[in-house]
>>> print(open('data_25.pdb').read())   # PDB, C-alpha atoms
ATOM      1  CA  MET A  20      21.363   4.033  -8.463
ATOM      2  CA  SER A  21      21.566   0.257  -8.161
ATOM      3  CA  VAL A  22      17.914  -0.726  -8.688
ATOM      4  CA  THR A  23      17.024  -2.737 -11.777
ATOM      5  CA  ARG A  24      13.785  -3.639 -13.509
ATOM      6  CA  SER A  25      13.839  -7.038 -11.802
ATOM      7  CA  GLN A  26      12.868  -5.169  -8.619
ATOM      8  CA  VAL A  27       9.806  -3.511 -10.164
ATOM      9  CA  ALA A  28       6.256  -4.850  -9.958
ATOM     10  CA  LEU A  29       2.756  -3.549 -10.587
ATOM     11  CA  ASN A  30      -0.132  -3.433  -8.166
ATOM     12  CA  ALA A  31      -3.073  -4.256 -10.442
ATOM     13  CA  ILE A  32      -5.267  -1.777  -8.577
ATOM     14  CA  GLN A  33      -6.083  -0.014 -11.876
ATOM     15  CA  TRP A  34      -8.598  -2.777 -12.561
ATOM     16  CA  ILE A  35      -9.895  -2.939  -8.983
ATOM     17  CA  ASN A  36     -10.426   0.548  -7.559
ATOM     18  CA  LEU A  37     -12.891   1.947 -10.075
ATOM     19  CA  LYS A  38     -14.514   5.370  -9.990
ATOM     20  CA  PRO A  39     -18.239   4.883  -9.388
ATOM     21  CA  GLY A  40     -20.717   6.227 -11.863
ATOM     22  CA  PRO A  41     -23.564   8.582 -10.876
ATOM     23  CA  GLY A  42     -25.610   6.995  -8.117
ATOM     24  CA  GLU A  43     -23.269   3.994  -7.814
ATOM     25  CA  ASP A  44     -21.448   2.837  -4.690
ATOM     26  CA  ARG A  45     -17.648   2.739  -4.541
ATOM     27  CA  ALA A  46     -16.312  -0.400  -6.175
ATOM     28  CA  TRP A  47     -13.496  -2.507  -4.696
ATOM     29  CA  LEU A  48     -13.557  -5.548  -6.918
ATOM     30  CA  TYR A  49     -11.300  -7.753  -4.782
ATOM     31  CA  ALA A  50     -14.274  -7.982  -2.401
ATOM     32  CA  ASP A  51     -16.602  -9.248  -5.146
ATOM     33  CA  PRO A  52     -16.433 -13.061  -5.484
ATOM     34  CA  ALA A  53     -17.471 -12.716  -9.124
ATOM     35  CA  TRP A  54     -14.225 -10.852  -9.915
ATOM     36  CA  ARG A  55     -12.269 -14.079  -9.666
ATOM     37  CA  SER A  56     -13.435 -14.913 -13.184
ATOM     38  CA  ASP A  57     -11.593 -11.785 -14.403
ATOM     39  CA  GLN A  58      -8.431 -12.347 -12.351
ATOM     40  CA  LEU A  59      -6.439 -14.307 -14.931
ATOM     41  CA  HIS A  60      -7.371 -11.891 -17.733
ATOM     42  CA  VAL A  61      -6.247  -8.892 -15.659
ATOM     43  CA  HIS A  62      -2.940 -10.558 -14.825
ATOM     44  CA  ARG A  63      -2.381 -11.478 -18.448
ATOM     45  CA  GLN A  64      -2.917  -7.818 -19.332
ATOM     46  CA  THR A  65      -0.378  -6.890 -16.655
ATOM     47  CA  ARG A  66       2.107  -9.214 -18.369
ATOM     48  CA  SER A  67       1.212  -7.857 -21.818
ATOM     49  CA  ALA A  68       1.913  -4.338 -20.559
ATOM     50  CA  GLY A  69       5.500  -5.425 -19.920
ATOM     51  CA  PHE A  70       5.522  -6.241 -16.201
ATOM     52  CA  ASP A  71       6.775  -9.630 -15.070
ATOM     53  CA  ALA A  72       5.823  -9.228 -11.390
ATOM     54  CA  VAL A  73       2.609  -8.258  -9.601
ATOM     55  CA  MET A  74       1.800  -7.408  -6.005
ATOM     56  CA  LEU A  75       0.612 -10.404  -3.981
ATOM     57  CA  GLU A  76      -3.164 -10.434  -3.543
ATOM     58  CA  VAL A  77      -4.730 -13.810  -2.813
ATOM     59  CA  LEU A  78      -8.520 -13.528  -2.883
ATOM     60  CA  ASP A  79     -10.555 -14.569   0.131
ATOM     61  CA  THR A  80     -12.339 -17.073  -2.116
ATOM     62  CA  GLN A  81      -9.086 -18.572  -3.411
ATOM     63  CA  THR A  82      -6.599 -21.144  -2.166
ATOM     64  CA  LEU A  83      -2.885 -20.466  -2.241
ATOM     65  CA  GLN A  84      -2.471 -23.263  -4.769
ATOM     66  CA  ALA A  85      -5.087 -21.774  -7.113
ATOM     67  CA  TYR A  86      -3.471 -18.337  -6.827
ATOM     68  CA  THR A  87       0.008 -19.579  -7.699
ATOM     69  CA  ARG A  88      -1.363 -21.567 -10.639
ATOM     70  CA  MET A  89      -3.008 -18.395 -11.895
ATOM     71  CA  LEU A  90       0.261 -16.449 -11.618
ATOM     72  CA  GLU A  91       2.143 -19.175 -13.469
ATOM     73  CA  GLU A  92      -0.443 -19.211 -16.235
ATOM     74  CA  ALA A  93      -0.194 -15.420 -16.551
ATOM     75  CA  GLY A  94       3.623 -15.567 -16.596
ATOM     76  CA  LEU A  95       4.083 -13.381 -13.514
ATOM     77  CA  ARG A  96       6.214 -13.417 -10.375
ATOM     78  CA  PRO A  97       4.732 -12.373  -7.003
ATOM     79  CA  ALA A  98       5.894  -9.187  -5.279
ATOM     80  CA  PRO A  99       5.265  -8.302  -1.603
ATOM     81  CA  GLY A 100       1.704  -7.787  -0.478
ATOM     82  CA  TYR A 101      -0.003  -5.499   2.008
ATOM     83  CA  ILE A 102      -1.645  -6.009   5.390
ATOM     84  CA  GLN A 103      -3.380  -3.471   7.590
ATOM     85  CA  ILE A 104      -4.278  -3.515  11.264
ATOM     86  CA  ALA A 105      -6.303  -1.209  13.494
ATOM     87  CA  PRO A 106      -6.518  -0.902  17.260
ATOM     88  CA  PRO A 107      -9.907  -2.345  18.272
ATOM     89  CA  GLU A 108     -10.737   0.949  19.969
ATOM     90  CA  ALA A 109     -10.745   2.642  16.563
ATOM     91  CA  THR A 110     -13.672   0.402  15.623
ATOM     92  CA  GLY A 111     -15.561   0.887  18.893
ATOM     93  CA  MET A 112     -14.310  -2.354  20.479
ATOM     94  CA  SER A 113     -12.179  -3.161  23.487
ATOM     95  CA  LEU A 114     -10.247  -6.438  23.600
ATOM     96  CA  ARG A 115      -8.389  -7.776  26.593
ATOM     97  CA  ARG A 116      -4.792  -8.503  25.690
ATOM     98  CA  GLY A 117      -4.300 -12.266  25.477
ATOM     99  CA  SER A 118      -8.011 -13.051  25.203
ATOM    100  CA  PRO A 119      -9.231 -15.363  22.400
ATOM    101  CA  GLU A 120     -10.759 -12.363  20.638
ATOM    102  CA  TRP A 121      -7.487 -10.441  20.868
ATOM    103  CA  VAL A 122      -5.544 -13.409  19.470
ATOM    104  CA  ARG A 123      -7.965 -13.728  16.539
ATOM    105  CA  TRP A 124      -7.626 -10.012  15.826
ATOM    106  CA  PHE A 125      -4.289 -10.880  14.211
ATOM    107  CA  ASP A 126      -5.611 -13.736  12.050
ATOM    108  CA  PRO A 127      -5.398 -11.648   8.828
ATOM    109  CA  VAL A 128      -1.760 -10.899   9.672
ATOM    110  CA  ARG A 129      -1.024 -14.602  10.073
ATOM    111  CA  ARG A 130      -2.788 -15.312   6.792
ATOM    112  CA  ARG A 131      -0.634 -12.732   4.979
ATOM    113  CA  ALA A 132       2.504 -14.218   6.538
ATOM    114  CA  GLU A 133       1.451 -17.658   5.319
ATOM    115  CA  GLU A 134       0.787 -16.344   1.794
ATOM    116  CA  THR A 135       4.097 -14.481   1.757
ATOM    117  CA  ASN A 136       6.077 -17.542   2.748
ATOM    118  CA  TYR A 137       4.161 -19.840   0.417
ATOM    119  CA  VAL A 138       5.114 -17.823  -2.679
ATOM    120  CA  GLY A 139       8.740 -17.462  -1.574
ATOM    121  CA  LEU A 140       8.714 -13.843  -0.457
ATOM    122  CA  HIS A 141      10.069 -12.446   2.809
ATOM    123  CA  THR A 142       8.693  -8.893   3.176
ATOM    124  CA  VAL A 143       5.302  -7.196   3.524
ATOM    125  CA  PHE A 144       3.835  -3.681   3.624
ATOM    126  CA  LEU A 145       2.313  -3.115   7.105
ATOM    127  CA  ALA A 146      -0.186  -0.258   7.442
ATOM    128  CA  ALA A 147      -2.744   1.247   9.784
ATOM    129  CA  ARG A 148      -6.182   0.148   8.659
ATOM    130  CA  ILE A 149      -8.320   2.720   6.876
ATOM    131  CA  ASP A 150     -11.889   3.211   8.050
ATOM    132  CA  LEU A 151     -13.834   4.639   5.108
ATOM    133  CA  GLU A 152     -16.291   6.298   7.503
ATOM    134  CA  ALA A 153     -13.620   7.879   9.723
ATOM    135  CA  PRO A 154     -13.481  11.696   9.810
ATOM    136  CA  ARG A 155     -10.045  11.727   8.184
ATOM    137  CA  VAL A 156     -11.562  10.016   5.143
ATOM    138  CA  ALA A 157     -15.032  11.523   5.159
ATOM    139  CA  GLN A 158     -14.160  15.104   6.081
ATOM    140  CA  ALA A 159     -10.507  16.178   5.925
ATOM    141  CA  VAL A 160      -7.527  14.310   4.487
ATOM    142  CA  ALA A 161      -3.758  14.649   4.637
ATOM    143  CA  THR A 162      -3.500  17.098   7.540
ATOM    144  CA  GLY A 163      -3.719  14.916  10.637
ATOM    145  CA  ALA A 164      -7.240  16.140  11.373
ATOM    146  CA  PHE A 165      -8.984  14.856  14.508
ATOM    147  CA  PHE A 166      -5.611  13.857  15.971
ATOM    148  CA  ASP A 167      -5.702  11.759  19.154
ATOM    149  CA  GLN A 168      -2.374  10.879  20.782
ATOM    150  CA  ASP A 169      -3.900   8.077  22.853
ATOM    151  CA  MET A 170      -5.331   6.472  19.727
ATOM    152  CA  LEU A 171      -1.989   6.874  17.965
ATOM    153  CA  ASP A 172      -0.316   5.085  20.877
ATOM    154  CA  ARG A 173      -2.816   2.250  20.552
ATOM    155  CA  GLN A 174      -2.164   2.077  16.816
ATOM    156  CA  VAL A 175       1.576   1.855  17.477
ATOM    157  CA  GLU A 176       0.961  -0.958  19.968
ATOM    158  CA  TYR A 177      -1.004  -2.990  17.420
ATOM    159  CA  LEU A 178       1.491  -2.334  14.641
ATOM    160  CA  ALA A 179       4.243  -3.624  16.927
ATOM    161  CA  ASP A 180       2.194  -6.694  17.842
ATOM    162  CA  ALA A 181       1.490  -7.377  14.158
ATOM    163  CA  ALA A 182       5.176  -6.930  13.354
ATOM    164  CA  GLU A 183       6.042  -9.525  15.998
ATOM    165  CA  VAL A 184       3.579 -11.987  14.451
ATOM    166  CA  LEU A 185       5.164 -11.436  11.041
ATOM    167  CA  GLN A 186       8.721 -11.624  12.348
ATOM    168  CA  ALA A 187       7.964 -14.915  14.089
ATOM    169  CA  GLU A 188       7.041 -16.315  10.664
ATOM    170  CA  GLY A 189      10.217 -15.002   9.021
ATOM    171  CA  VAL A 190       8.552 -12.055   7.278
ATOM    172  CA  ARG A 191      10.094  -8.569   7.475
ATOM    173  CA  PRO A 192       7.436  -5.818   7.713
ATOM    174  CA  GLY A 193       7.907  -2.228   6.620
ATOM    175  CA  LEU A 194       5.698   0.631   7.801
ATOM    176  CA  HIS A 195       3.364   1.757   5.032
ATOM    177  CA  ASN A 196       1.905   5.256   5.405
ATOM    178  CA  HIS A 197      -1.508   6.052   3.959
ATOM    179  CA  VAL A 198      -3.507   9.267   3.855
ATOM    180  CA  GLY A 199      -6.806   8.791   5.673
ATOM    181  CA  SER A 200      -5.338   6.377   8.215
ATOM    182  CA  LEU A 201      -4.032   7.075  11.713
ATOM    183  CA  ILE A 202      -0.536   7.186  10.161
ATOM    184  CA  GLU A 203      -0.695   9.934   7.553
ATOM    185  CA  THR A 204       1.366  12.929   8.717
ATOM    186  CA  GLU A 205       5.106  13.350   9.151
ATOM    187  CA  TYR A 206       4.739  13.440  12.931
ATOM    188  CA  GLU A 207       2.671  10.240  12.972
ATOM    189  CA  ILE A 208       5.030   8.343  10.674
ATOM    190  CA  GLU A 209       8.096   9.435  12.599
ATOM    191  CA  TYR A 210       6.426   8.626  15.915
ATOM    192  CA  VAL A 211       5.882   5.035  14.774
ATOM    193  CA  MET A 212       9.463   4.771  13.529
ATOM    194  CA  GLN A 213      10.725   6.115  16.853
ATOM    195  CA  GLU A 214       8.527   3.917  19.049
ATOM    196  CA  ILE A 215       9.093   0.595  17.230
ATOM    197  CA  ASP A 216      12.662  -0.622  16.952
ATOM    198  CA  GLY A 217      14.180  -0.948  13.502
ATOM    199  CA  SER A 218      14.937  -4.610  14.137
ATOM    200  CA  LEU A 219      11.186  -5.237  14.292
ATOM    201  CA  LEU A 220       9.790  -2.738  11.767
ATOM    202  CA  GLY A 221      11.391  -1.328   8.646
ATOM    203  CA  ALA A 222      10.134   1.340   6.251
ATOM    204  CA  SER A 223       8.002   0.578   3.197
ATOM    205  CA  PHE A 224       6.709   4.031   2.399
ATOM    206  CA  ASP A 225       4.168   5.086  -0.184
ATOM    207  CA  ILE A 226       5.765   7.920  -2.186
ATOM    208  CA  GLY A 227       2.478   9.427  -3.312
ATOM    209  CA  HIS A 228       0.909   9.411   0.124
ATOM    210  CA  LEU A 229       4.007  11.090   1.572
ATOM    211  CA  GLU A 230       3.720  13.859  -0.991
ATOM    212  CA  TRP A 231      -0.043  14.151  -0.544
ATOM    213  CA  ALA A 232       0.570  14.828   3.150
ATOM    214  CA  GLY A 233       3.083  17.545   2.211
ATOM    215  CA  ILE A 234       6.194  15.465   2.978
ATOM    216  CA  PRO A 235       8.972  15.745   0.344
ATOM    217  CA  SER A 236       9.525  12.086  -0.410
ATOM    218  CA  ALA A 237      13.143  11.936  -1.553
ATOM    219  CA  PRO A 238      14.632  13.515   1.605
ATOM    220  CA  PHE A 239      12.324  11.358   3.722
ATOM    221  CA  LEU A 240      13.616   8.206   2.042
ATOM    222  CA  GLU A 241      17.183   9.349   2.603
ATOM    223  CA  LYS A 242      16.444   9.917   6.285
ATOM    224  CA  TYR A 243      15.236   6.334   6.725
ATOM    225  CA  ARG A 244      17.463   4.707   4.124
ATOM    226  CA  ASP A 245      18.933   2.263   6.634
ATOM    227  CA  ARG A 246      15.417   0.920   7.394
ATOM    228  CA  LEU A 247      14.020   0.785   3.853
ATOM    229  CA  VAL A 248      12.397  -2.508   2.889
ATOM    230  CA  ASP A 249      10.179  -1.846  -0.179
ATOM    231  CA  ILE A 250       8.231   1.140  -1.569
ATOM    232  CA  HIS A 251       5.047   1.966  -3.431
ATOM    233  CA  LEU A 252       5.648   4.442  -6.232
ATOM    234  CA  LYS A 253       3.089   6.629  -7.999
ATOM    235  CA  ASP A 254       2.716  10.156  -9.338
ATOM    236  CA  LEU A 255       0.305  12.899  -8.284
ATOM    237  CA  ASP A 256      -1.099  16.255  -9.260
ATOM    238  CA  LEU A 257       0.522  18.142  -6.403
ATOM    239  CA  GLU A 258      -1.660  21.207  -6.955
ATOM    240  CA  ILE A 259      -4.713  19.133  -6.090
ATOM    241  CA  ALA A 260      -2.813  17.699  -3.114
ATOM    242  CA  ALA A 261      -1.997  21.183  -1.805
ATOM    243  CA  ALA A 262      -5.590  22.337  -2.285
ATOM    244  CA  SER A 263      -6.875  19.347  -0.302
ATOM    245  CA  ARG A 264      -4.644  20.331   2.617
ATOM    246  CA  SER A 265      -5.542  24.013   2.567
ATOM    247  CA  THR A 266      -9.307  23.381   2.615
ATOM    248  CA  PRO A 267     -10.824  20.426   4.500
ATOM    249  CA  THR A 268     -11.592  17.907   1.776
ATOM    250  CA  PRO A 269     -12.942  14.327   1.899
ATOM    251  CA  TYR A 270     -10.689  11.581   0.524
ATOM    252  CA  TYR A 271     -12.980  10.619  -2.313
ATOM    253  CA  VAL A 272     -13.518  14.188  -3.453
ATOM    254  CA  VAL A 273      -9.771  14.252  -4.084
ATOM    255  CA  SER A 274      -9.431  10.777  -5.580
ATOM    256  CA  HIS A 275     -12.359  11.239  -7.965
ATOM    257  CA  GLN A 276     -10.380  14.015  -9.646
ATOM    258  CA  ARG A 277      -7.467  13.343 -12.014
ATOM    259  CA  PHE A 278      -5.238  13.225  -8.947
ATOM    260  CA  PHE A 279      -3.519   9.838  -8.895
ATOM    261  CA  LEU A 280      -1.337   9.588 -11.969
ATOM    262  CA  GLU A 281       0.879   7.115 -13.729
ATOM    263  CA  PRO A 282       4.619   7.675 -13.154
ATOM    264  CA  GLY A 283       5.900  10.600 -15.189
ATOM    265  CA  LEU A 284       2.501  12.255 -15.674
ATOM    266  CA  GLY A 285       2.473  14.254 -12.435
ATOM    267  CA  HIS A 286       4.623  16.610 -10.415
ATOM    268  CA  ILE A 287       6.678  14.302  -8.159
ATOM    269  CA  ASP A 288      10.402  14.179  -8.907
ATOM    270  CA  LEU A 289      10.501  10.410  -9.285
ATOM    271  CA  PRO A 290      14.102  10.197 -10.571
ATOM    272  CA  ALA A 291      15.115  11.886  -7.301
ATOM    273  CA  VAL A 292      13.096   9.248  -5.449
ATOM    274  CA  LEU A 293      15.022   6.465  -7.181
ATOM    275  CA  GLU A 294      18.329   8.150  -6.343
ATOM    276  CA  ALA A 295      17.250   8.542  -2.715
ATOM    277  CA  LEU A 296      16.928   4.762  -2.376
ATOM    278  CA  GLY A 297      20.720   4.562  -2.465
ATOM    279  CA  ASP A 298      23.097   2.050  -3.975
ATOM    280  CA  GLY A 299      22.346  -0.629  -1.415
ATOM    281  CA  PHE A 300      18.575  -0.817  -1.909
ATOM    282  CA  GLY A 301      17.588  -4.413  -2.604
ATOM    283  CA  GLY A 302      13.852  -4.193  -2.082
ATOM    284  CA  TRP A 303      10.840  -3.969  -4.363
ATOM    285  CA  ILE A 304       9.424  -0.925  -6.136
ATOM    286  CA  VAL A 305       5.720  -1.565  -6.578
ATOM    287  CA  ILE A 306       4.089   0.785  -9.092
ATOM    288  CA  GLU A 307       0.665   1.637  -7.707
ATOM    289  CA  VAL A 308      -1.765   4.053  -9.343
ATOM    290  CA  ASP A 309      -4.610   4.133  -6.828
ATOM    291  CA  ARG A 310      -7.093   5.429  -9.402
ATOM    292  CA  ALA A 311      -5.927   5.205 -13.010
ATOM    293  CA  SER A 312      -6.069   8.392 -15.081
ATOM    294  CA  VAL A 313      -6.732   6.367 -18.244
ATOM    295  CA  GLU A 314      -8.291   2.963 -18.856
ATOM    296  CA  PRO A 315      -6.551   0.204 -16.845
ATOM    297  CA  PHE A 316      -4.543  -1.536 -19.576
ATOM    298  CA  GLU A 317      -3.315   1.780 -20.952
ATOM    299  CA  SER A 318      -2.420   2.846 -17.397
ATOM    300  CA  ALA A 319      -0.277  -0.263 -16.997
ATOM    301  CA  LYS A 320       1.436   0.351 -20.337
ATOM    302  CA  VAL A 321       2.164   4.008 -19.496
ATOM    303  CA  SER A 322       3.572   2.917 -16.131
ATOM    304  CA  ARG A 323       5.794   0.313 -17.771
ATOM    305  CA  SER A 324       7.036   2.821 -20.346
ATOM    306  CA  TRP A 325       8.212   5.057 -17.494
ATOM    307  CA  VAL A 326       9.994   2.105 -15.872
ATOM    308  CA  GLU A 327      11.854   1.286 -19.087
ATOM    309  CA  LYS A 328      12.976   4.902 -19.488
ATOM    310  CA  ASN A 329      14.072   5.389 -15.887
ATOM    311  CA  VAL A 330      15.134   2.051 -14.410
ATOM    312  CA  PRO A 331      18.115   0.114 -15.841
ATOM    313  CA  ALA A 332      17.556  -3.364 -17.177
TER     314      ALA A 332
END
>>> encode(input="data_25.pdb", output="structure tokens")
Amino acid sequence: MSVTRSQVALNAIQWINLKPGPGEDRAWLYADPAWRSDQLHVHRQTRSAGFDAVMLEVLDTQTLQAYTRMLEEAGLRPAPGYIQIAPPEATGMSLRRGSPEWVRWFDPVRRRAEETNYVGLHTVFLAARIDLEAPRVAQAVATGAFFDQDMLDRQVEYLADAAEVLQAEGVRPGLHNHVGSLIETEYEIEYVMQEIDGSLLGASFDIGHLEWAGIPSAPFLEKYRDRLVDIHLKDLDLEIAAASRSTPTPYYVVSHQRFFLEPGLGHIDLPAVLEALGDGFGGWIVIEVDRASVEPFESAKVSRSWVEKNVPA
């Protein structure tokens, strides 16, 4: 294993993706303009937990200059961010290729490329966009439910187009799988990897979402080792994962349980995952606990403790 702690970052999602209380709506604090007042404090806590890098996430209400000043004040380096794209048909729209509306469909991708370059990074996680009202989220996760090959082909087309936008700006995208999206099962992931050339799209898999979909992550990484760019790493309760596949279960019924776990607290063989990256892996390992099992600062500290025990300095 050649990875070192300099390649490890935290996604500060512990503070962002909060479990709603009774009668409350789901909270995604990045979308709340008021959260900007907490941003520096959260990043300082990330640094106090022992991390020196955090996943890139410039707020919509924030300039690039303000974001980098905040990182510098917190004492953190940026690590690659995330961008998602959907085929318009998945949202009930139809856009003519080359039309002004079609061109603007990729504006968020261009924005992420600009942010990536501005902070001195060169890679990004590229995913299929998740629709929180889609049947795969609202009714049955992790099994490829409601599969539509035509829609998958459209998703592949838009991933390839987004990858071309990123590549033109000098940013290397890696496919990021996510349960609940149109790219959640082994067939769907492998179909994308087959249909889009490796020179255009690498692999930036999410270890937990592979395992949630019943895909053993270490062998899957080995299979695509020559295309690996970066990864998201987390732990899971795999008994809950298996139960969610055996009985149709909505995404948030699963995630509201003690399902997402800090590294070392679940059932995934994470040392095997690190070994599967191979000696030549030079990308980022972003620790991401989608829904913390303890309070956010403690979650970050537990995650960092695992890093220090399992990743060489």
>>> atom_distance(input="data_25.pdb", atom1="atom CA of A:Thr80", atom2="atom CA of A:Arg55")
8.1 Å
>>> closest_residue(input="data_25.pdb", among="A:Glu281, A:Asp79, A:Asp288, A:Asp249", to="A:Leu48", atoms="only C-alpha atoms")
A:Asp79
>>> atom_distance(input="data_25.pdb", atom1="atom CA of A:Val305", atom2="atom CA of A:Val27")
5.8 Å
>>> resolve_selection(input="data_25.pdb", expression="the PyMOL selection byres ((chain A and resi 187) around 12)", output="list of chain:residue names")
A:Val128, A:Arg129, A:Ala132, A:Glu133, A:Asn136, A:His141, A:Asp180, A:Ala181, A:Ala182, A:Glu183, A:Val184, A:Leu185, A:Gln186, A:Glu188, A:Gly189, A:Val190, A:Arg191, A:Pro192, A:Leu219
>>> resolve_selection(input="data_25.pdb", expression="the PyMOL selection byres ((chain A and resi 62-77) around 9)", output="PyMOL selection string")
chain A and resi 25-31+49+57-61+78-83+86-87+89-90+92-101+131+134-135+138+305+316-324
>>> resolve_selection(input="data_25.pdb", expression="the PyMOL selection byres ((chain A and resi 233) around 12)", output="short mmCIF file (atom, residue, chain, number, x, y, z; two decimals) with C-alpha atoms, keeping the file's coordinate frame")
data_model
loop_
_atom_site.label_atom_id
_atom_site.label_comp_id
_atom_site.auth_asym_id
_atom_site.auth_seq_id
_atom_site.Cartn_x
_atom_site.Cartn_y
_atom_site.Cartn_z
CA VAL A 160 -7.53 14.31 4.49
CA ALA A 161 -3.76 14.65 4.64
CA THR A 162 -3.50 17.10 7.54
CA GLY A 163 -3.72 14.92 10.64
CA VAL A 198 -3.51 9.27 3.86
CA GLU A 203 -0.70 9.93 7.55
CA THR A 204 1.37 12.93 8.72
CA GLU A 205 5.11 13.35 9.15
CA TYR A 206 4.74 13.44 12.93
CA ILE A 226 5.76 7.92 -2.19
CA GLY A 227 2.48 9.43 -3.31
CA HIS A 228 0.91 9.41 0.12
CA LEU A 229 4.01 11.09 1.57
CA GLU A 230 3.72 13.86 -0.99
CA TRP A 231 -0.04 14.15 -0.54
CA ALA A 232 0.57 14.83 3.15
CA ILE A 234 6.19 15.46 2.98
CA PRO A 235 8.97 15.74 0.34
CA SER A 236 9.52 12.09 -0.41
CA PHE A 239 12.32 11.36 3.72
CA LEU A 255 0.30 12.90 -8.28
CA LEU A 257 0.52 18.14 -6.40
CA GLU A 258 -1.66 21.21 -6.96
CA ILE A 259 -4.71 19.13 -6.09
CA ALA A 260 -2.81 17.70 -3.11
CA ALA A 261 -2.00 21.18 -1.80
CA ALA A 262 -5.59 22.34 -2.28
CA SER A 263 -6.88 19.35 -0.30
CA ARG A 264 -4.64 20.33 2.62
CA SER A 265 -5.54 24.01 2.57
CA ILE A 287 6.68 14.30 -8.16
#
>>> atom_distance(input="data_25.pdb", atom1="atom CA of A:Phe166", atom2="atom CA of A:Glu207")
9.5 Å
>>> residues_around(input="data_25.pdb", residues="stretch 104-111 of chain A", least_positions_apart="4", cutoff="10 Å", atoms="only C-alpha atoms", output="list of chain:residue names")
A:Trp121, A:Trp124, A:Phe125, A:Pro127, A:Val128, A:Leu145, A:Ala146, A:Ala147, A:Arg148, A:Ile149, A:Asp150, A:Ala153, A:Met170, A:Leu171, A:Asp172, A:Arg173, A:Gln174, A:Val175, A:Glu176, A:Tyr177, A:Leu178, A:Asp180, A:Ala181, A:Ser200, A:Leu201
>>> residues_around(input="data_25.pdb", residues="A:Pro331", least_positions_apart="4", cutoff="9 Å", atoms="only C-alpha atoms", output="MDAnalysis selection string")
chainID A and resid 20:24 326:327
>>> axis_aligned_box(input="data_25.pdb", around="stretch 300-309 of chain A", padding_each_side="5 Å", output="JSON")
{"center_x": 7.0, "center_y": -0.1, "center_z": -5.6, "size_x": 33.2, "size_y": 18.5, "size_z": 17.4}
>>> residues_around(input="data_25.pdb", residues="stretch 40-46 of chain A", least_positions_apart="6", cutoff="12 Å", atoms="only C-alpha atoms", output="JSON, numbers by chain")
{"A": [32, 33, 34, 54, 151, 271, 274, 275, 310]}
